[in-house]
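Quick look at start_12.tsv (TSV, C-alpha atoms):
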chain	number	residue	atom	x	y	z
R	838	MET	CA	0.00	0.00	0.00
R	839	THR	CA	1.43	3.37	-1.08
R	840	ILE	CA	1.32	6.17	1.48
R	841	ASP	CA	0.32	9.60	0.16
R	842	TRP	CA	2.71	11.58	2.34
R	843	ASP	CA	1.44	14.92	0.99
R	844	ARG	CA	-2.23	14.39	1.89
R	845	ARG	CA	-1.27	12.67	5.14
R	846	HIS	CA	0.73	15.72	6.20
R	847	CYS	CA	-1.96	18.19	5.07
R	848	ALA	CA	-4.57	16.24	7.04
R	849	ARG	CA	-2.47	16.63	10.19
R	850	LYS	CA	-0.91	20.07	9.75
R	851	GLY	CA	-3.19	21.86	7.27
R	852	HIS	CA	-2.80	23.08	3.69
R	853	VAL	CA	-0.37	25.72	2.39
R	854	THR	CA	-1.60	28.12	-0.31
R	855	TYR	CA	0.22	30.92	-2.15
R	856	ALA	CA	-0.81	33.54	-4.73
R	857	PRO	CA	2.03	34.24	-7.20
R	858	ASP	CA	2.31	37.59	-8.96
R	859	ASP	CA	2.68	35.92	-12.38
R	860	PRO	CA	-0.85	35.90	-13.92
R	861	ARG	CA	-0.03	32.75	-15.90
R	862	LEU	CA	0.66	30.86	-12.69
R	863	ARG	CA	-1.99	32.65	-10.64
R	864	VAL	CA	-4.82	31.48	-12.87
R	865	ARG	CA	-3.67	27.86	-12.51
R	866	LEU	CA	-3.58	28.09	-8.71
R	867	HIS	CA	-6.87	29.94	-8.29
R	868	THR	CA	-10.51	29.11	-8.94
R	869	GLN	CA	-13.87	30.61	-8.13
R	870	THR	CA	-16.57	28.42	-6.57
R	871	ALA	CA	-20.21	28.95	-5.56
R	872	VAL	CA	-19.10	29.46	-1.95
R	873	GLY	CA	-16.08	31.67	-2.65
R	874	GLU	CA	-12.59	31.58	-4.07
R	875	ALA	CA	-10.22	28.64	-3.58
R	876	TRP	CA	-6.46	28.28	-3.91
R	877	ARG	CA	-4.45	25.19	-4.72
R	878	CYS	CA	-2.36	23.68	-1.93
R	879	LEU	CA	1.35	23.76	-2.75
R	880	ARG	CA	1.81	20.41	-1.01
R	881	CYS	CA	-1.03	18.09	-2.03
R	882	GLY	CA	-2.53	20.01	-4.99
R	883	ASP	CA	-6.10	20.14	-3.61
R	884	PHE	CA	-8.06	23.40	-3.84
R	885	VAL	CA	-8.72	25.06	-0.48
R	886	LEU	CA	-11.46	27.62	0.17
R	887	GLY	CA	-10.42	31.02	1.53
R	888	GLU	CA	-7.69	33.59	1.11
R	889	PRO	CA	-4.15	32.38	0.26
R	890	HIS	CA	-1.64	32.16	3.10
R	891	GLY	CA	0.81	34.33	1.20
R	892	SER	CA	1.49	36.13	-2.08
R	893	GLY	CA	4.38	37.54	-4.10
R	894	PRO	CA	6.96	36.42	-6.69
R	895	ALA	CA	6.97	32.73	-7.56
R	896	ALA	CA	10.59	32.42	-6.45
R	897	ASP	CA	9.55	33.56	-2.96
R	898	ALA	CA	6.98	30.81	-2.55
R	899	PRO	CA	7.44	28.97	0.76
R	900	LEU	CA	9.53	25.79	0.79
R	901	VAL	CA	6.87	23.15	1.42
R	902	PRO	CA	8.19	19.65	2.21
R	903	ARG	CA	6.56	17.09	-0.05
R	904	GLY	CA	6.73	13.44	-1.03
R	905	LYS	CA	10.14	11.92	-0.31
R	906	VAL	CA	11.09	14.82	1.97
R	907	LEU	CA	8.08	14.11	4.20
R	908	ARG	CA	8.90	10.42	4.23
R	909	ASP	CA	12.48	11.20	5.29
R	910	LEU	CA	11.20	13.52	8.01
R	911	PHE	CA	8.89	10.80	9.31
R	912	ILE	CA	11.80	8.34	9.55
R	913	LEU	CA	14.05	10.92	11.23
R	914	ARG	CA	11.39	11.62	13.84
R	915	PHE	CA	10.97	7.90	14.50
R	916	LEU	CA	14.72	7.72	15.14
R	917	ALA	CA	14.46	10.85	17.30
R	918	ILE	CA	11.85	9.21	19.53
R	919	GLU	CA	13.98	6.07	19.81
R	920	ARG	CA	17.01	8.20	20.80
R	921	ALA	CA	14.96	10.16	23.34
R	922	VAL	CA	13.60	7.01	25.00
R	923	ARG	CA	17.09	5.51	25.14
R	924	GLY	CA	18.55	8.74	26.55
R	925	VAL	CA	15.95	8.94	29.33
R	926	PHE	CA	16.55	5.28	30.22
R	927	ILE	CA	20.33	5.83	30.41
R	928	VAL	CA	19.79	8.86	32.65
R	929	LEU	CA	17.75	6.70	35.04
R	930	VAL	CA	20.49	4.06	35.04
R	931	ALA	CA	23.13	6.73	35.76
R	932	VAL	CA	21.08	8.07	38.68
R	933	ALA	CA	20.68	4.53	40.02
R	934	VAL	CA	24.44	3.92	39.79
R	935	TRP	CA	25.14	7.23	41.55
R	936	LYS	CA	22.73	6.44	44.38
R	937	PHE	CA	24.15	2.94	44.66
R	938	SER	CA	27.69	4.35	44.91
R	939	ASN	CA	26.63	6.41	47.95
R	940	SER	CA	25.00	3.50	49.80
R	941	GLN	CA	26.77	0.32	48.72
R	942	ASP	CA	26.83	-1.22	52.18
R	943	ALA	CA	23.14	-0.63	52.81
R	944	VAL	CA	22.20	-2.00	49.39
R	945	ARG	CA	24.46	-5.03	49.90
R	946	ARG	CA	22.81	-5.84	53.24
R	947	LEU	CA	19.34	-5.41	51.79
R	948	PHE	CA	20.21	-7.60	48.81
R	949	ASN	CA	21.62	-10.34	51.02
R	950	GLU	CA	18.50	-10.27	53.20
R	951	TYR	CA	16.24	-10.73	50.17
R	952	LEU	CA	18.59	-13.39	48.82
R	953	ASP	CA	18.28	-15.38	52.07
R	954	THR	CA	14.49	-15.02	51.89
R	955	PHE	CA	14.10	-16.17	48.29
R	956	ARG	CA	16.80	-18.86	48.29
R	957	PRO	CA	14.49	-21.64	49.64
R	958	VAL	CA	11.74	-20.64	47.19
R	959	PHE	CA	14.02	-20.90	44.16
R	960	ARG	CA	15.57	-24.12	45.53
R	961	HIS	CA	12.08	-25.60	45.51
R	962	PHE	CA	12.00	-25.01	41.74
R	963	HIS	CA	15.52	-26.51	41.39
R	964	TYR	CA	17.22	-23.20	40.75
R	965	ASP	CA	20.39	-22.40	42.68
R	966	LEU	CA	20.61	-18.66	43.28
R	967	ASP	CA	24.16	-18.96	44.59
R	968	HIS	CA	25.33	-20.03	41.12
R	969	SER	CA	23.12	-17.64	39.16
R	970	PRO	CA	24.99	-15.43	36.64
R	971	VAL	CA	22.67	-12.50	37.44
R	972	VAL	CA	23.23	-12.79	41.20
R	973	GLY	CA	26.96	-13.18	40.59
R	974	SER	CA	27.07	-9.99	38.49
R	975	ILE	CA	25.23	-8.02	41.20
R	976	GLN	CA	27.52	-9.32	43.94
R	977	LYS	CA	30.52	-8.42	41.79
R	978	ALA	CA	29.21	-4.86	41.47
R	979	PHE	CA	29.26	-4.53	45.27
R	980	GLY	CA	33.05	-4.80	45.11
R	981	TYR	CA	33.51	-1.78	42.86
R	982	LYS	CA	35.12	1.31	44.35
R	983	HIS	CA	33.05	4.40	45.02
R	984	SER	CA	35.19	6.43	42.56
R	985	THR	CA	34.74	3.79	39.86
R	986	LEU	CA	30.96	3.87	40.20
R	987	LEU	CA	30.97	7.67	40.06
R	988	LEU	CA	33.00	7.55	36.85
R	989	VAL	CA	30.52	5.06	35.37
R	990	ALA	CA	27.63	7.37	36.32
R	991	VAL	CA	29.35	10.38	34.69
R	992	LEU	CA	30.07	8.43	31.49
R	993	LEU	CA	26.47	7.23	31.35
R	994	LEU	CA	25.21	10.80	31.72
R	995	ALA	CA	27.52	11.95	28.93
R	996	TYR	CA	26.21	9.19	26.68
R	997	ALA	CA	22.63	10.07	27.58
R	998	LEU	CA	23.30	13.72	26.74
R	999	ILE	CA	24.56	12.73	23.28
R	1000	GLU	CA	21.41	10.64	22.72
R	1001	LEU	CA	19.10	13.48	23.81
R	1002	VAL	CA	20.93	16.05	21.66
R	1003	GLU	CA	20.61	13.67	18.71
R	1004	ALA	CA	16.89	13.30	19.43
R	1005	VAL	CA	16.23	17.06	19.39
R	1006	GLY	CA	18.33	17.63	16.25
R	1007	LEU	CA	16.76	14.74	14.34
R	1008	TRP	CA	13.25	15.86	15.30
R	1009	TYR	CA	13.91	19.23	13.64
R	1010	ALA	CA	15.85	17.59	10.76
R	1011	LYS	CA	19.09	19.49	11.48
R	1012	ARG	CA	22.00	18.45	9.29
R	1013	TRP	CA	24.51	18.60	12.17
R	1014	ALA	CA	22.32	16.12	14.07
R	1015	GLU	CA	22.42	13.74	11.10
R	1016	TYR	CA	26.23	13.84	11.14
R	1017	LEU	CA	26.30	13.40	14.93
R	1018	THR	CA	23.92	10.44	14.74
R	1019	VAL	CA	25.92	8.67	12.04
R	1020	VAL	CA	29.27	9.20	13.80
R	1021	ALA	CA	28.06	8.37	17.32
R	1022	THR	CA	26.04	5.34	16.23
R	1023	ALA	CA	28.82	3.95	14.04
R	1024	ALA	CA	31.31	4.39	16.89
R	1025	PHE	CA	29.30	2.04	19.13
R	1026	LEU	CA	28.68	-0.64	16.48
R	1027	PRO	CA	31.90	-2.58	17.29
R	1028	LEU	CA	30.88	-2.69	20.96
R	1029	GLU	CA	27.41	-3.97	20.08
R	1030	ILE	CA	28.92	-6.66	17.85
R	1031	TYR	CA	31.30	-7.67	20.65
R	1032	GLU	CA	28.38	-7.97	23.09
R	1033	LEU	CA	26.69	-10.37	20.68
R	1034	THR	CA	29.77	-12.60	20.78
R	1035	GLU	CA	29.44	-12.70	24.57
R	1036	LYS	CA	25.71	-13.42	24.69
R	1037	VAL	CA	23.11	-13.40	21.92
R	1038	SER	CA	19.64	-11.96	22.55
R	1039	TYR	CA	16.80	-10.80	20.32
R	1040	LEU	CA	16.99	-7.30	21.83
R	1041	LYS	CA	20.70	-6.98	21.04
R	1042	ILE	CA	20.21	-8.22	17.49
R	1043	ALA	CA	17.27	-5.86	16.90
R	1044	THR	CA	19.25	-2.90	18.30
R	1045	LEU	CA	22.28	-3.69	16.13
R	1046	VAL	CA	20.19	-4.05	12.96
R	1047	LEU	CA	18.29	-0.82	13.69
R	1048	ASN	CA	21.51	1.13	14.26
R	1049	ILE	CA	23.14	-0.22	11.08
R	1050	LEU	CA	20.07	0.66	9.02
R	1051	ALA	CA	19.95	4.12	10.63
R	1052	VAL	CA	23.59	4.82	9.74
R	1053	LEU	CA	23.19	3.65	6.13
R	1054	TYR	CA	19.88	5.42	5.58
R	1055	ILE	CA	20.89	8.81	6.99
R	1056	ALA	CA	24.31	8.79	5.30
R	1057	LEU	CA	22.88	7.91	1.88
R	1058	ALA	CA	19.54	9.73	1.93
R	1059	LYS	CA	21.06	12.94	3.29
R	1060	ARG	CA	24.21	12.70	1.13
R	1061	LEU	CA	26.57	12.95	4.11
R	1062	PHE	CA	30.38	12.69	3.86
R	1063	GLY	CA	30.28	13.42	0.12
R	1064	LEU	CA	28.05	10.47	-0.72
R	1065	ARG	CA	25.77	10.81	-3.78
R	1066	GLY	CA	27.17	14.24	-4.63
R	1067	GLY	CA	27.51	15.48	-1.05
R	1068	ARG	CA	26.26	18.77	0.35
R	1069	ARG	CA	26.22	20.53	-3.03
R	1070	ALA	CA	23.86	17.96	-4.55
R	1071	PHE	CA	21.72	18.06	-1.41
R	1072	ASP	CA	21.41	21.87	-1.53
R	1073	GLU	CA	20.75	21.91	-5.28
R	1074	GLU	CA	17.99	19.35	-4.87
R	1075	ARG	CA	16.28	21.38	-2.16
R	1076	GLN	CA	16.90	24.75	-3.87
R	1077	SER	CA	15.45	23.51	-7.16
R	1078	ALA	CA	12.37	22.28	-5.35
R	1079	SER	CA	11.87	25.65	-3.66
R	1080	LEU	CA	12.31	27.71	-6.86
R	1081	LEU	CA	9.96	25.51	-8.89
R	1082	GLU	CA	7.39	24.95	-6.15
R	1083	VAL	CA	4.68	27.10	-7.65
R	1084	GLU	CA	5.32	25.88	-11.21
R	1085	GLU	CA	5.11	22.23	-10.19
R	1086	SER	CA	1.95	22.76	-8.15
R	1087	ALA	CA	0.38	24.70	-11.00
R	1088	GLY	CA	1.19	22.02	-13.54
R	1089	VAL	CA	3.47	24.31	-15.57
R	1090	GLN	CA	6.43	22.63	-17.19
R	1091	PRO	CA	9.55	24.40	-15.87
R	1092	THR	CA	12.11	25.74	-18.34
R	1093	LEU	CA	15.51	24.11	-17.97
R	1094	SER	CA	18.57	26.27	-18.44
Rewrite the structure from the file as structure tokens, please.
Amino acid sequence: MTIDWDRRHCARKGHVTYAPDDPRLRVRLHTQTAVGEAWRCLRCGDFVLGEPHGSGPAADAPLVPRGKVLRDLFILRFLAIERAVRGVFIVLVAVAVWKFSNSQDAVRRLFNEYLDTFRPVFRHFHYDLDHSPVVGSIQKAFGYKHSTLLLVAVLLLAYALIELVEAVGLWYAKRWAEYLTVVATAAFLPLEIYELTEKVSYLKIATLVLNILAVLYIALAKRLFGLRGGRRAFDEERQSASLLEVEESAGVQPTLS
């Protein structure tokens, strides 16, 4: 099923109309109905009742994202939400590590008390908590120095900050955020692959695949690092769309120089 990104966006955000000074274009964008005048939407092409949202030279028509641009924006915002959720989760983990570093002894005593309580219950189901990898990892964490745990908390906060900055930049489709996302995500790919060699899980595999696809998609679709013509091709593509916006919406064949 093909998604009509133009009409989908207009249904959510509203239409965008413009009255160009050129009479040849103006007559194609304007019509008179029994209930008043209507102007053609620069995004979806439908006629909309009421006064135009703007007027002036055709070259000054607003840059209205359409088609592939809207699809790219939708994908970027999906990635932004994923980054934001991950960043918030990492912040919570960093806070937990910081609190744990300030009360290791109390947490150790509480953990041992619960362990003594649940040990007979798990033994009834033939599960030995004393040889559990999870319990062993927690008990190992109790041996970490206070300074080490503080350093871990600081590093986690720094990582969370990067994720949240990425989320904001991607939501607003900022080019610097696209570069940051590609570089930061690619930098952690070797670590994610190494973790899979230690222990395989569906969550780790899904995260790795998502991050690889994100790096490839953003780098190629946004022409980063000189790919597919680089920044010049990216700007020319967008600039051409903005200069020919009215002509394309009006159905006028643009003149190529």
query = How far is it from CA of Ala875 in chain R to CA of Ala856 in chain R, in Å with one decimal?
reply =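 Separating CA of Ala875 in chain R from CA of Ala856 in chain R is a distance of 10.7 Å.
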message = Excluding range 919-936 of chain R and its own-chain neighbours fewer than 6 positions away, which residues fall within 9 Å of it when counting all atoms listed in the file? Please give them as an MDAnalysis selection string.
response = chainID R and resid 986:987 989:994 996:1005
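The shortest atom-to-atom distance to Ser938 in chain R, with all atoms listed in the file taken into account, belongs to R:Leu988 out of R:Leu913, R:Asp965, R:Leu988, R:Arg956.
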ask   = Could you name the residues that touch His890 in chain R at 10 Å or less, counting all atoms listed in the file, but leaving out those on the same chain fewer than 4 positions away, as a ChimeraX atom specification?
value = /R:852-856,876,878,899
task = Just the residues within 9 Å of Gly904 in chain R, please, counting all atoms listed in the file, with nothing from its chain fewer than 5 positions along; format it as number ranges by chain.
result = R: 841-843, 880, 909
Selection export as a short mmCIF file (atom, residue, chain, number, x, y, z; two decimals), in the frame of the given file, atoms kept: C-alpha atoms:
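For reference, part13.cif as written:
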data_model
loop_
_atom_site.label_atom_id
_atom_site.label_comp_id
_atom_site.auth_asym_id
_atom_site.auth_seq_id
_atom_site.Cartn_x
_atom_site.Cartn_y
_atom_site.Cartn_z
CA ASP R 841 0.32 9.60 0.16
CA TRP R 842 2.71 11.58 2.34
CA ASP R 843 1.44 14.92 0.99
CA ARG R 880 1.81 20.41 -1.01
CA ASP R 909 12.48 11.20 5.29
#
inquiry  = For a test of reading the model, state the distance in Å between CA of Tyr964 in chain R and CA of Tyr1031 in chain R, rounded to one decimal.
reply    =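 Straight-line distance from CA of Tyr964 in chain R to CA of Tyr1031 in chain R works out to 29.0 Å.
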inquiry  = Can you measure CA of Thr1034 in chain R to CA of Leu1047 in chain R for me? One decimal in Å is fine.
reply    =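 Rounded to one decimal, the two atoms are 17.9 Å apart.
Distance annotation: of R:Gly882, R:Gly1067, R:Arg908, R:Ala896, the residue with the minimal separation from Thr839 in chain R is R:Arg908; atom set is only C-alpha atoms.
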inquiry  = Just checking: using all atoms listed in the file, which residue out of R:Val1019, R:Ala995, R:Leu866, R:Leu952 ends up closest to Gly973 in chain R?
reply    =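 Checking each candidate against Gly973 in chain R, we get R:Leu952 as the closest.
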task = Between R:Tyr1016, R:Phe915, R:Phe1071, R:Tyr981, single out the one closest to Leu1053 in chain R, counting only C-alpha atoms.
result =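 Using only C-alpha atoms, Leu1053 in chain R sits closest to R:Tyr1016.
Between Ala917 in chain R and the residues R:Asp858, R:Glu1015, R:Glu888, R:Asp953, the shortest atom-to-atom distance, using all atoms listed in the file, involves R:Glu1015.
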key: Exercise: Leu1026 in chain R partners within 12 Å, all atoms listed in the file, chain neighbours under 4 positions left out, as a PyMOL selection string   = chain R and resi 1019-1022+1030-1033+1041-1042+1044-1052
Could N, CA, C and O atoms be built for range 902-925 of chain R and written out as an mmCIF file, in the frame of the given file?
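Listed below is the output, rebuild_12.cif:
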data_model
loop_
_atom_site.group_PDB
_atom_site.id
_atom_site.type_symbol
_atom_site.label_atom_id
_atom_site.label_comp_id
_atom_site.auth_asym_id
_atom_site.auth_seq_id
_atom_site.Cartn_x
_atom_site.Cartn_y
_atom_site.Cartn_z
ATOM 1 N N PRO R 902 7.728 21.045 2.335
ATOM 2 C CA PRO R 902 8.190 19.650 2.210
ATOM 3 C C PRO R 902 7.108 18.783 1.581
ATOM 4 O O PRO R 902 5.940 18.870 1.944
ATOM 5 N N ARG R 903 7.522 17.946 0.641
ATOM 6 C CA ARG R 903 6.560 17.090 -0.050
ATOM 7 C C ARG R 903 7.171 15.733 -0.346
ATOM 8 O O ARG R 903 8.392 15.583 -0.393
ATOM 9 N N GLY R 904 6.313 14.752 -0.556
ATOM 10 C CA GLY R 904 6.730 13.440 -1.030
ATOM 11 C C GLY R 904 7.856 12.817 -0.244
ATOM 12 O O GLY R 904 7.757 12.543 0.952
ATOM 13 N N LYS R 905 8.996 12.586 -0.906
ATOM 14 C CA LYS R 905 10.140 11.920 -0.310
ATOM 15 C C LYS R 905 10.671 12.675 0.900
ATOM 16 O O LYS R 905 11.130 12.069 1.872
ATOM 17 N N VAL R 906 10.602 14.016 0.843
ATOM 18 C CA VAL R 906 11.090 14.820 1.970
ATOM 19 C C VAL R 906 10.259 14.534 3.220
ATOM 20 O O VAL R 906 10.793 14.407 4.331
ATOM 21 N N LEU R 907 8.953 14.421 3.061
ATOM 22 C CA LEU R 907 8.080 14.110 4.200
ATOM 23 C C LEU R 907 8.334 12.712 4.723
ATOM 24 O O LEU R 907 8.290 12.473 5.930
ATOM 25 N N ARG R 908 8.586 11.784 3.808
ATOM 26 C CA ARG R 908 8.900 10.420 4.230
ATOM 27 C C ARG R 908 10.193 10.402 5.044
ATOM 28 O O ARG R 908 10.278 9.739 6.094
ATOM 29 N N ASP R 909 11.210 11.128 4.559
ATOM 30 C CA ASP R 909 12.480 11.200 5.290
ATOM 31 C C ASP R 909 12.282 11.826 6.664
ATOM 32 O O ASP R 909 12.873 11.373 7.653
ATOM 33 N N LEU R 910 11.455 12.856 6.731
ATOM 34 C CA LEU R 910 11.200 13.520 8.010
ATOM 35 C C LEU R 910 10.506 12.576 8.980
ATOM 36 O O LEU R 910 10.813 12.568 10.175
ATOM 37 N N PHE R 911 9.577 11.771 8.469
ATOM 38 C CA PHE R 911 8.890 10.800 9.310
ATOM 39 C C PHE R 911 9.871 9.791 9.893
ATOM 40 O O PHE R 911 9.839 9.480 11.097
ATOM 41 N N ILE R 912 10.801 9.305 9.077
ATOM 42 C CA ILE R 912 11.800 8.340 9.550
ATOM 43 C C ILE R 912 12.740 8.985 10.559
ATOM 44 O O ILE R 912 13.084 8.384 11.585
ATOM 45 N N LEU R 913 13.162 10.223 10.291
ATOM 46 C CA LEU R 913 14.050 10.920 11.230
ATOM 47 C C LEU R 913 13.378 11.106 12.580
ATOM 48 O O LEU R 913 14.018 10.963 13.633
ATOM 49 N N ARG R 914 12.085 11.417 12.581
ATOM 50 C CA ARG R 914 11.390 11.620 13.840
ATOM 51 C C ARG R 914 11.170 10.309 14.591
ATOM 52 O O ARG R 914 11.140 10.284 15.825
ATOM 53 N N PHE R 915 11.023 9.215 13.849
ATOM 54 C CA PHE R 915 10.970 7.900 14.500
ATOM 55 C C PHE R 915 12.290 7.619 15.209
ATOM 56 O O PHE R 915 12.311 7.168 16.364
ATOM 57 N N LEU R 916 13.401 7.900 14.524
ATOM 58 C CA LEU R 916 14.720 7.720 15.140
ATOM 59 C C LEU R 916 14.909 8.678 16.310
ATOM 60 O O LEU R 916 15.547 8.333 17.309
ATOM 61 N N ALA R 917 14.356 9.884 16.204
ATOM 62 C CA ALA R 917 14.460 10.850 17.300
ATOM 63 C C ALA R 917 13.759 10.337 18.554
ATOM 64 O O ALA R 917 14.285 10.466 19.671
ATOM 65 N N ILE R 918 12.585 9.757 18.381
ATOM 66 C CA ILE R 918 11.850 9.210 19.530
ATOM 67 C C ILE R 918 12.629 8.061 20.152
ATOM 68 O O ILE R 918 12.737 7.957 21.385
ATOM 69 N N GLU R 919 13.197 7.200 19.302
ATOM 70 C CA GLU R 919 13.980 6.070 19.810
ATOM 71 C C GLU R 919 15.186 6.574 20.599
ATOM 72 O O GLU R 919 15.508 6.054 21.665
ATOM 73 N N ARG R 920 15.859 7.616 20.090
ATOM 74 C CA ARG R 920 17.010 8.200 20.800
ATOM 75 C C ARG R 920 16.581 8.832 22.122
ATOM 76 O O ARG R 920 17.271 8.729 23.130
ATOM 77 N N ALA R 921 15.442 9.501 22.122
ATOM 78 C CA ALA R 921 14.960 10.160 23.340
ATOM 79 C C ALA R 921 14.629 9.134 24.420
ATOM 80 O O ALA R 921 14.997 9.310 25.594
ATOM 81 N N VAL R 922 13.946 8.061 24.036
ATOM 82 C CA VAL R 922 13.600 7.010 25.000
ATOM 83 C C VAL R 922 14.872 6.378 25.566
ATOM 84 O O VAL R 922 15.001 6.162 26.780
ATOM 85 N N ARG R 923 15.830 6.100 24.686
ATOM 86 C CA ARG R 923 17.090 5.510 25.140
ATOM 87 C C ARG R 923 17.834 6.462 26.065
ATOM 88 O O ARG R 923 18.395 6.045 27.086
ATOM 89 N N GLY R 924 17.852 7.764 25.711
ATOM 90 C CA GLY R 924 18.550 8.740 26.550
ATOM 91 C C GLY R 924 17.953 8.843 27.934
ATOM 92 O O GLY R 924 18.682 8.887 28.928
ATOM 93 N N VAL R 925 16.619 8.874 28.025
ATOM 94 C CA VAL R 925 15.950 8.940 29.330
ATOM 95 C C VAL R 925 16.270 7.694 30.158
ATOM 96 O O VAL R 925 16.541 7.776 31.369
#
